[in-house]
Amino acid sequence: LPDFHIRPLFGRDFDRGFLELVSQLSPVNLDIDAARAIFITRLQARVYTWVALLKDRPIATASMFIEPKWIHAGGKVAHVEDVVVDSEYRKHGVGRLLIHALEREARAKGCYKMILDCSAEAVAFYERCSFRAHETAMRLNLARVTDVAER
Ligand SMILES: CC(C)(COP(=O)(O)OP(=O)(O)OC[C@H]1O[C@@H](n2cnc3c(N)ncnc32)[C@H](O)[C@@H]1OP(=O)(O)O)[C@@H](O)C(=O)NCCC(=O)NCCS
């Protein structure tokens, strides 16, 4: 794809289809003002969002936060979340370049590994990005997701 670039999320991206992009992963159910408030909460929690842009339009996103561990002498782990490429732009290498941008960031911040949970369908993609399957993801539901915003 010509001329796309990757940078951290800016507030103006909400006016250019960022939430519609995220909703390709799972329902968002936020208006732009609520999303801006969550953006601030995420920044305070150091959960960082990246976007790939084509002519100012977000066509892919991924998020990452860094955990300093007790083990490995306080070594840092990068956790990757909510990776999605706009369905119109898949299979053009955007996802891989986005993951590589996060990898560079994780290396620059001194992380010793990057980890993520993904669907079985996404395994081949992450293997192409040099990840390997490791251990097993576990989940305990604590609320219906539709209830979460009211809590
Ligand atoms: C998975 C996803 C992020 C991949 O993004 P993408 O931009 O299409 O991937 P790329 O074009 O960068 O692909 C990189 C490599 O992975 C391969 N690949 C991508 N998607 C694949 C798939 N579903 N199955 C097999 N291989 C795949 C590509 O063929 C390419 O291989 P190559 O190294 O031989 O060229 C994108 O398809 C997507 O958003 N899917 C829906 C949401 C999702 O599943 N997110 C991840 C869940 S955690």
# chains A, B, ... in the order shown; residues from 1 in each chain; ligands from 1
$ select_by_dssp --residues "range 5-65 of chain A" --states "alpha helix (DSSP H)" --output "PDB file with N, CA, C and O atoms, in the first residue's frame"
ATOM      1  N   PHE A  18     -11.795   6.169  13.578  1.00  0.00           N
ATOM      2  CA  PHE A  18     -11.064   5.249  14.455  1.00  0.00           C
ATOM      3  C   PHE A  18     -12.002   4.248  15.155  1.00  0.00           C
ATOM      4  O   PHE A  18     -11.719   3.041  15.196  1.00  0.00           O
ATOM      5  N   LEU A  19     -13.125   4.734  15.694  1.00  0.00           N
ATOM      6  CA  LEU A  19     -14.026   3.821  16.434  1.00  0.00           C
ATOM      7  C   LEU A  19     -14.676   2.802  15.496  1.00  0.00           C
ATOM      8  O   LEU A  19     -14.894   1.647  15.884  1.00  0.00           O
ATOM      9  N   GLU A  20     -14.961   3.208  14.261  1.00  0.00           N
ATOM     10  CA  GLU A  20     -15.521   2.278  13.274  1.00  0.00           C
ATOM     11  C   GLU A  20     -14.500   1.170  12.979  1.00  0.00           C
ATOM     12  O   GLU A  20     -14.867   0.000  12.805  1.00  0.00           O
ATOM     13  N   LEU A  21     -13.235   1.564  12.925  1.00  0.00           N
ATOM     14  CA  LEU A  21     -12.172   0.573  12.717  1.00  0.00           C
ATOM     15  C   LEU A  21     -12.141  -0.416  13.885  1.00  0.00           C
ATOM     16  O   LEU A  21     -12.144  -1.637  13.683  1.00  0.00           O
ATOM     17  N   VAL A  22     -12.123   0.090  15.120  1.00  0.00           N
ATOM     18  CA  VAL A  22     -12.064  -0.800  16.290  1.00  0.00           C
ATOM     19  C   VAL A  22     -13.285  -1.718  16.325  1.00  0.00           C
ATOM     20  O   VAL A  22     -13.191  -2.879  16.735  1.00  0.00           O
ATOM     21  N   ILE A  32     -18.223   9.634  20.669  1.00  0.00           N
ATOM     22  CA  ILE A  32     -16.853  10.153  20.580  1.00  0.00           C
ATOM     23  C   ILE A  32     -16.416  10.790  21.901  1.00  0.00           C
ATOM     24  O   ILE A  32     -15.274  10.624  22.331  1.00  0.00           O
ATOM     25  N   ASP A  33     -17.330  11.472  22.605  1.00  0.00           N
ATOM     26  CA  ASP A  33     -16.944  12.087  23.885  1.00  0.00           C
ATOM     27  C   ASP A  33     -16.540  11.026  24.910  1.00  0.00           C
ATOM     28  O   ASP A  33     -15.547  11.193  25.630  1.00  0.00           O
ATOM     29  N   ALA A  34     -17.328   9.953  24.981  1.00  0.00           N
ATOM     30  CA  ALA A  34     -16.983   8.871  25.912  1.00  0.00           C
ATOM     31  C   ALA A  34     -15.653   8.244  25.510  1.00  0.00           C
ATOM     32  O   ALA A  34     -14.821   7.915  26.368  1.00  0.00           O
ATOM     33  N   ALA A  35     -15.432   8.103  24.201  1.00  0.00           N
ATOM     34  CA  ALA A  35     -14.171   7.519  23.728  1.00  0.00           C
ATOM     35  C   ALA A  35     -12.992   8.418  24.102  1.00  0.00           C
ATOM     36  O   ALA A  35     -11.926   7.926  24.490  1.00  0.00           O
ATOM     37  N   ARG A  36     -13.174   9.728  24.000  1.00  0.00           N
ATOM     38  CA  ARG A  36     -12.085  10.657  24.384  1.00  0.00           C
ATOM     39  C   ARG A  36     -11.750  10.509  25.865  1.00  0.00           C
ATOM     40  O   ARG A  36     -10.584  10.558  26.259  1.00  0.00           O
ATOM     41  N   ALA A  37     -12.779  10.336  26.709  1.00  0.00           N
ATOM     42  CA  ALA A  37     -12.537  10.160  28.148  1.00  0.00           C
ATOM     43  C   ALA A  37     -11.757   8.858  28.393  1.00  0.00           C
ATOM     44  O   ALA A  37     -10.825   8.818  29.207  1.00  0.00           O
ATOM     45  N   ILE A  38     -12.111   7.831  27.666  1.00  0.00           N
ATOM     46  CA  ILE A  38     -11.394   6.557  27.821  1.00  0.00           C
ATOM     47  C   ILE A  38      -9.966   6.685  27.313  1.00  0.00           C
ATOM     48  O   ILE A  38      -9.029   6.122  27.909  1.00  0.00           O
ATOM     49  N   PHE A  39      -9.789   7.457  26.253  1.00  0.00           N
ATOM     50  CA  PHE A  39      -8.433   7.702  25.725  1.00  0.00           C
ATOM     51  C   PHE A  39      -7.554   8.299  26.837  1.00  0.00           C
ATOM     52  O   PHE A  39      -6.417   7.852  27.062  1.00  0.00           O
ATOM     53  N   ILE A  40      -8.090   9.275  27.576  1.00  0.00           N
ATOM     54  CA  ILE A  40      -7.323   9.907  28.665  1.00  0.00           C
ATOM     55  C   ILE A  40      -7.027   8.891  29.775  1.00  0.00           C
ATOM     56  O   ILE A  40      -5.891   8.787  30.251  1.00  0.00           O
ATOM     57  N   THR A  41      -8.040   8.098  30.146  1.00  0.00           N
ATOM     58  CA  THR A  41      -7.830   7.076  31.182  1.00  0.00           C
ATOM     59  C   THR A  41      -6.752   6.087  30.752  1.00  0.00           C
ATOM     60  O   THR A  41      -5.895   5.680  31.548  1.00  0.00           O
ATOM     61  N   ARG A  42      -6.791   5.719  29.484  1.00  0.00           N
ATOM     62  CA  ARG A  42      -5.786   4.775  28.976  1.00  0.00           C
ATOM     63  C   ARG A  42      -4.391   5.393  29.017  1.00  0.00           C
ATOM     64  O   ARG A  42      -3.421   4.734  29.406  1.00  0.00           O
ATOM     65  N   LEU A  43      -4.271   6.667  28.628  1.00  0.00           N
ATOM     66  CA  LEU A  43      -2.951   7.316  28.670  1.00  0.00           C
ATOM     67  C   LEU A  43      -2.437   7.388  30.105  1.00  0.00           C
ATOM     68  O   LEU A  43      -1.259   7.142  30.365  1.00  0.00           O
ATOM     69  N   GLN A  44      -3.352   7.708  31.061  1.00  0.00           N
ATOM     70  CA  GLN A  44      -2.945   7.754  32.475  1.00  0.00           C
ATOM     71  C   GLN A  44      -2.465   6.391  32.951  1.00  0.00           C
ATOM     72  O   GLN A  44      -1.563   6.292  33.772  1.00  0.00           O
TER      73      GLN A  44
END
$ closest_atom_pairs --of "chain A" --to "ligand 1" --cutoff "9 Å" --atoms "only C-alpha atoms and all ligand atoms" --output "tab-separated table"
residue	atom	partner	partner_atom_place_in_ligand_line	distance
A:Gln24	CA	ligand 1	42 (C)	7.0
A:Leu25	CA	ligand 1	42 (C)	5.4
A:Ser26	CA	ligand 1	42 (C)	9.0
A:Ala60	CA	ligand 1	39 (O)	7.4
A:Thr61	CA	ligand 1	39 (O)	8.6
A:Ala62	CA	ligand 1	3 (C)	8.8
A:Val80	CA	ligand 1	48 (S)	8.5
A:Glu81	CA	ligand 1	48 (S)	6.8
A:Asp82	CA	ligand 1	48 (S)	6.0
A:Val83	CA	ligand 1	45 (N)	4.9
A:Val84	CA	ligand 1	39 (O)	3.4
A:Val85	CA	ligand 1	39 (O)	3.7
A:Asp86	CA	ligand 1	39 (O)	6.2
A:Ser87	CA	ligand 1	39 (O)	6.7
A:Tyr89	CA	ligand 1	7 (O)	6.6
A:Arg90	CA	ligand 1	8 (O)	3.3
A:Lys91	CA	ligand 1	11 (O)	3.2
A:His92	CA	ligand 1	11 (O)	4.1
A:Gly93	CA	ligand 1	12 (O)	3.2
A:Val94	CA	ligand 1	7 (O)	4.1
A:Gly95	CA	ligand 1	7 (O)	3.4
A:Arg96	CA	ligand 1	12 (O)	3.7
A:Leu97	CA	ligand 1	12 (O)	6.4
A:Leu98	CA	ligand 1	12 (O)	7.9
A:Ile99	CA	ligand 1	12 (O)	8.4
A:Leu116	CA	ligand 1	48 (S)	7.2
A:Asp117	CA	ligand 1	48 (S)	6.0
A:Cys118	CA	ligand 1	48 (S)	3.9
A:Ser119	CA	ligand 1	47 (C)	5.6
A:Ala120	CA	ligand 1	47 (C)	8.6
A:Glu121	CA	ligand 1	23 (N)	5.6
A:Ala122	CA	ligand 1	1 (C)	5.0
A:Val123	CA	ligand 1	24 (N)	7.4
A:Ala124	CA	ligand 1	25 (C)	4.6
A:Phe125	CA	ligand 1	16 (O)	3.8
A:Tyr126	CA	ligand 1	16 (O)	6.8
A:Glu127	CA	ligand 1	16 (O)	7.5
A:Arg128	CA	ligand 1	16 (O)	5.0
A:Cys129	CA	ligand 1	14 (C)	6.8
$ write_last_selection --atoms "N, CA, C and O atoms" --output "short mmCIF file (atom, residue, chain, number, x, y, z; two decimals), in the first residue's frame"
data_model
loop_
_atom_site.label_atom_id
_atom_site.label_comp_id
_atom_site.auth_asym_id
_atom_site.auth_seq_id
_atom_site.Cartn_x
_atom_site.Cartn_y
_atom_site.Cartn_z
N GLN A 24 -14.58 -3.27 14.09
CA GLN A 24 -14.39 -4.48 13.27
C GLN A 24 -13.83 -5.63 14.10
O GLN A 24 -13.81 -6.78 13.66
N LEU A 25 -13.38 -5.29 15.30
CA LEU A 25 -12.84 -6.31 16.22
C LEU A 25 -13.96 -6.83 17.12
O LEU A 25 -14.11 -8.02 17.34
N SER A 26 -14.77 -5.88 17.65
CA SER A 26 -15.85 -6.20 18.59
C SER A 26 -16.69 -4.94 18.76
O SER A 26 -16.17 -3.83 18.55
N ALA A 60 -5.69 0.82 10.50
CA ALA A 60 -5.30 -0.30 11.37
C ALA A 60 -4.93 0.27 12.73
O ALA A 60 -4.53 1.44 12.84
N THR A 61 -5.10 -0.54 13.75
CA THR A 61 -4.71 -0.10 15.09
C THR A 61 -4.22 -1.28 15.90
O THR A 61 -4.55 -2.44 15.62
N ALA A 62 -3.43 -0.98 16.92
CA ALA A 62 -2.98 -1.96 17.91
C ALA A 62 -2.62 -1.18 19.17
O ALA A 62 -2.28 0.00 19.10
N VAL A 80 0.39 -6.84 24.10
CA VAL A 80 -0.25 -6.29 22.90
C VAL A 80 -1.74 -6.65 22.93
O VAL A 80 -2.10 -7.78 23.27
N GLU A 81 -2.58 -5.69 22.58
CA GLU A 81 -4.04 -5.87 22.62
C GLU A 81 -4.68 -5.25 21.38
O GLU A 81 -4.16 -4.30 20.80
N ASP A 82 -5.85 -5.76 21.04
CA ASP A 82 -6.76 -5.11 20.09
C ASP A 82 -6.09 -4.69 18.78
O ASP A 82 -6.03 -3.51 18.42
N VAL A 83 -5.60 -5.70 18.10
CA VAL A 83 -4.96 -5.51 16.79
C VAL A 83 -6.03 -5.72 15.71
O VAL A 83 -6.68 -6.77 15.66
N VAL A 84 -6.21 -4.73 14.86
CA VAL A 84 -7.17 -4.90 13.75
C VAL A 84 -6.75 -4.03 12.57
O VAL A 84 -6.31 -2.90 12.73
N VAL A 85 -6.89 -4.65 11.38
CA VAL A 85 -6.67 -3.93 10.11
C VAL A 85 -8.04 -3.84 9.43
O VAL A 85 -8.79 -4.83 9.39
N ASP A 86 -8.37 -2.68 8.91
CA ASP A 86 -9.62 -2.48 8.16
C ASP A 86 -9.75 -3.59 7.10
O ASP A 86 -8.80 -3.86 6.38
N SER A 87 -10.93 -4.18 7.04
CA SER A 87 -11.13 -5.33 6.14
C SER A 87 -10.78 -4.99 4.68
O SER A 87 -10.36 -5.87 3.93
N TYR A 89 -8.27 -3.36 3.71
CA TYR A 89 -6.82 -3.20 3.53
C TYR A 89 -6.02 -4.38 4.06
O TYR A 89 -4.81 -4.28 4.22
N ARG A 90 -6.69 -5.50 4.32
CA ARG A 90 -5.96 -6.68 4.82
C ARG A 90 -5.12 -7.30 3.73
O ARG A 90 -5.38 -7.10 2.54
N LYS A 91 -4.13 -8.07 4.16
CA LYS A 91 -3.25 -8.81 3.24
C LYS A 91 -2.42 -7.88 2.35
O LYS A 91 -2.07 -8.22 1.23
N HIS A 92 -2.13 -6.68 2.86
CA HIS A 92 -1.22 -5.77 2.15
C HIS A 92 0.01 -5.45 2.99
O HIS A 92 0.73 -4.49 2.70
N GLY A 93 0.19 -6.19 4.07
CA GLY A 93 1.38 -5.98 4.89
C GLY A 93 1.23 -4.92 5.97
O GLY A 93 2.20 -4.66 6.69
N VAL A 94 0.03 -4.34 6.11
CA VAL A 94 -0.16 -3.28 7.11
C VAL A 94 -0.06 -3.86 8.53
O VAL A 94 0.60 -3.30 9.40
N GLY A 95 -0.72 -5.00 8.74
CA GLY A 95 -0.70 -5.63 10.07
C GLY A 95 0.72 -5.94 10.51
O GLY A 95 1.12 -5.65 11.64
N ARG A 96 1.50 -6.49 9.60
CA ARG A 96 2.88 -6.84 9.96
C ARG A 96 3.69 -5.58 10.30
O ARG A 96 4.44 -5.56 11.28
N LEU A 97 3.55 -4.52 9.49
CA LEU A 97 4.32 -3.30 9.78
C LEU A 97 3.89 -2.68 11.11
O LEU A 97 4.71 -2.13 11.84
N LEU A 98 2.61 -2.79 11.43
CA LEU A 98 2.12 -2.26 12.72
C LEU A 98 2.73 -3.06 13.88
O LEU A 98 3.24 -2.48 14.85
N ILE A 99 2.71 -4.38 13.77
CA ILE A 99 3.32 -5.21 14.83
C ILE A 99 4.82 -4.93 14.92
O ILE A 99 5.38 -4.84 16.02
N LEU A 116 0.70 -11.74 23.57
CA LEU A 116 -0.68 -11.38 23.24
C LEU A 116 -1.53 -12.65 23.20
O LEU A 116 -1.02 -13.75 23.06
N ASP A 117 -2.83 -12.46 23.36
CA ASP A 117 -3.81 -13.52 23.12
C ASP A 117 -4.41 -13.29 21.74
O ASP A 117 -4.64 -12.14 21.36
N CYS A 118 -4.69 -14.36 21.03
CA CYS A 118 -5.36 -14.17 19.74
C CYS A 118 -6.24 -15.36 19.42
O CYS A 118 -6.15 -16.41 20.04
N SER A 119 -7.09 -15.16 18.41
CA SER A 119 -7.96 -16.24 17.93
C SER A 119 -7.12 -17.25 17.14
O SER A 119 -6.02 -16.92 16.65
N ALA A 120 -7.67 -18.45 17.00
CA ALA A 120 -6.98 -19.48 16.21
C ALA A 120 -6.72 -18.98 14.79
O ALA A 120 -5.66 -19.27 14.20
N GLU A 121 -7.65 -18.17 14.25
CA GLU A 121 -7.50 -17.69 12.87
C GLU A 121 -6.31 -16.74 12.71
O GLU A 121 -5.78 -16.60 11.62
N ALA A 122 -5.93 -16.07 13.80
CA ALA A 122 -4.85 -15.08 13.70
C ALA A 122 -3.47 -15.68 13.94
O ALA A 122 -2.46 -15.00 13.76
N VAL A 123 -3.42 -16.97 14.34
CA VAL A 123 -2.12 -17.58 14.67
C VAL A 123 -1.14 -17.49 13.51
O VAL A 123 0.02 -17.10 13.69
N ALA A 124 -1.60 -17.81 12.30
CA ALA A 124 -0.68 -17.82 11.14
C ALA A 124 -0.10 -16.42 10.90
O ALA A 124 1.08 -16.28 10.57
N PHE A 125 -0.95 -15.40 11.07
CA PHE A 125 -0.47 -14.02 10.92
C PHE A 125 0.66 -13.73 11.92
O PHE A 125 1.73 -13.23 11.53
N TYR A 126 0.43 -14.06 13.20
CA TYR A 126 1.47 -13.74 14.20
C TYR A 126 2.72 -14.57 13.98
O TYR A 126 3.83 -14.10 14.25
N GLU A 127 2.56 -15.79 13.49
CA GLU A 127 3.76 -16.57 13.16
C GLU A 127 4.55 -15.88 12.07
O GLU A 127 5.79 -15.87 12.10
N ARG A 128 3.87 -15.25 11.10
CA ARG A 128 4.56 -14.50 10.05
C ARG A 128 5.28 -13.27 10.63
O ARG A 128 6.17 -12.72 9.99
N CYS A 129 4.83 -12.85 11.81
CA CYS A 129 5.48 -11.72 12.51
C CYS A 129 6.51 -12.23 13.53
O CYS A 129 6.91 -11.48 14.43
#
$ residues_around --residues "range 6-14 of chain A" --least-positions-apart "6" --cutoff "6 Å" --atoms "only C-alpha atoms" --output "list in words"
Thr49, Trp50, Val51 and Ala52 of chain A
$ select_by_dssp --residues "range 10-127 of chain A" --states "strand (DSSP E or B)" --output "compact mmCIF listing (two decimals) with N, CA and C atoms, in the first residue's frame"
# COMPACT_ATOMS: atom_id res chain seq x y z
N TYR A 48 -1.00 2.39 25.55
CA TYR A 48 -0.78 3.23 24.37
C TYR A 48 -1.38 2.60 23.12
N THR A 49 -1.99 3.45 22.30
CA THR A 49 -2.67 3.03 21.08
C THR A 49 -1.91 3.56 19.88
N TRP A 50 -1.68 2.70 18.90
CA TRP A 50 -1.07 3.12 17.63
C TRP A 50 -2.08 2.98 16.50
N VAL A 51 -1.89 3.78 15.48
CA VAL A 51 -2.73 3.66 14.28
C VAL A 51 -1.84 3.68 13.04
N ALA A 52 -2.29 2.97 12.01
CA ALA A 52 -1.73 3.13 10.67
C ALA A 52 -2.72 4.00 9.91
N LEU A 53 -2.20 5.02 9.22
CA LEU A 53 -3.07 5.97 8.51
C LEU A 53 -2.80 5.94 7.02
N LEU A 54 -3.88 6.01 6.27
CA LEU A 54 -3.79 6.19 4.83
C LEU A 54 -4.55 7.47 4.53
N ARG A 57 -6.67 8.73 7.28
CA ARG A 57 -7.74 7.85 7.75
C ARG A 57 -7.13 6.64 8.46
N PRO A 58 -7.56 6.34 9.71
CA PRO A 58 -7.03 5.16 10.40
C PRO A 58 -7.48 3.88 9.70
N ILE A 59 -6.52 3.06 9.26
CA ILE A 59 -6.85 1.79 8.59
C ILE A 59 -6.40 0.57 9.40
N ALA A 60 -5.69 0.82 10.50
CA ALA A 60 -5.30 -0.30 11.37
C ALA A 60 -4.93 0.27 12.73
N THR A 61 -5.10 -0.54 13.75
CA THR A 61 -4.71 -0.10 15.09
C THR A 61 -4.22 -1.28 15.90
N ALA A 62 -3.43 -0.98 16.92
CA ALA A 62 -2.98 -1.96 17.91
C ALA A 62 -2.62 -1.18 19.17
N SER A 63 -2.74 -1.84 20.31
CA SER A 63 -2.44 -1.19 21.59
C SER A 63 -1.40 -2.00 22.35
N MET A 64 -0.68 -1.31 23.26
CA MET A 64 0.37 -1.99 24.01
C MET A 64 0.57 -1.32 25.37
N PHE A 65 0.79 -2.13 26.39
CA PHE A 65 1.23 -1.57 27.67
C PHE A 65 2.39 -2.41 28.18
N ILE A 66 3.19 -1.79 29.03
CA ILE A 66 4.44 -2.41 29.47
C ILE A 66 4.38 -2.69 30.96
N GLU A 67 4.65 -3.93 31.30
CA GLU A 67 4.59 -4.40 32.70
C GLU A 67 5.99 -4.66 33.23
N PRO A 68 6.42 -3.96 34.27
CA PRO A 68 7.70 -4.31 34.91
C PRO A 68 7.47 -5.51 35.84
N LYS A 76 11.01 -6.15 31.73
CA LYS A 76 9.72 -5.60 31.26
C LYS A 76 9.11 -6.45 30.15
N VAL A 77 7.79 -6.62 30.27
CA VAL A 77 7.03 -7.38 29.27
C VAL A 77 6.08 -6.44 28.55
N ALA A 78 6.03 -6.51 27.23
CA ALA A 78 5.07 -5.73 26.43
C ALA A 78 3.85 -6.59 26.14
N HIS A 79 2.68 -6.08 26.55
CA HIS A 79 1.41 -6.78 26.29
C HIS A 79 0.71 -6.09 25.13
N VAL A 80 0.39 -6.84 24.10
CA VAL A 80 -0.25 -6.29 22.90
C VAL A 80 -1.74 -6.65 22.93
N GLU A 81 -2.58 -5.69 22.58
CA GLU A 81 -4.04 -5.87 22.62
C GLU A 81 -4.68 -5.25 21.38
N ASP A 82 -5.85 -5.76 21.04
CA ASP A 82 -6.76 -5.11 20.09
C ASP A 82 -6.09 -4.69 18.78
N VAL A 83 -5.60 -5.70 18.10
CA VAL A 83 -4.96 -5.51 16.79
C VAL A 83 -6.03 -5.72 15.71
N VAL A 84 -6.21 -4.73 14.86
CA VAL A 84 -7.17 -4.90 13.75
C VAL A 84 -6.75 -4.03 12.57
N VAL A 85 -6.89 -4.65 11.38
CA VAL A 85 -6.67 -3.93 10.11
C VAL A 85 -8.04 -3.84 9.43
N CYS A 111 12.01 -4.00 26.80
CA CYS A 111 11.25 -5.22 27.09
C CYS A 111 12.04 -6.46 26.64
N TYR A 112 11.87 -7.56 27.39
CA TYR A 112 12.54 -8.79 26.95
C TYR A 112 11.62 -9.70 26.18
N LYS A 113 10.28 -9.44 26.19
CA LYS A 113 9.36 -10.21 25.35
C LYS A 113 8.09 -9.42 25.09
N MET A 114 7.38 -9.83 24.03
CA MET A 114 6.05 -9.30 23.70
C MET A 114 5.10 -10.47 23.73
N ILE A 115 3.93 -10.28 24.35
CA ILE A 115 2.95 -11.36 24.39
C ILE A 115 1.56 -10.84 24.04
$ atom_distance --atom1 "CA of Asn141 in chain A" --atom2 "CA of Gly74 in chain A"
29.7 Å
$ closest_residue --among "A:Asp31, A:Gly75, A:Ser130, A:Thr136" --to "Lys109 in chain A" --atoms "only C-alpha atoms"
A:Gly75
$ atom_distance --atom1 "CA of Asp15 in chain A" --atom2 "CA of Asp56 in chain A"
10.4 Å
$ atom_distance --atom1 "CA of Leu1 in chain A" --atom2 "CA of Glu105 in chain A"
22.5 Å
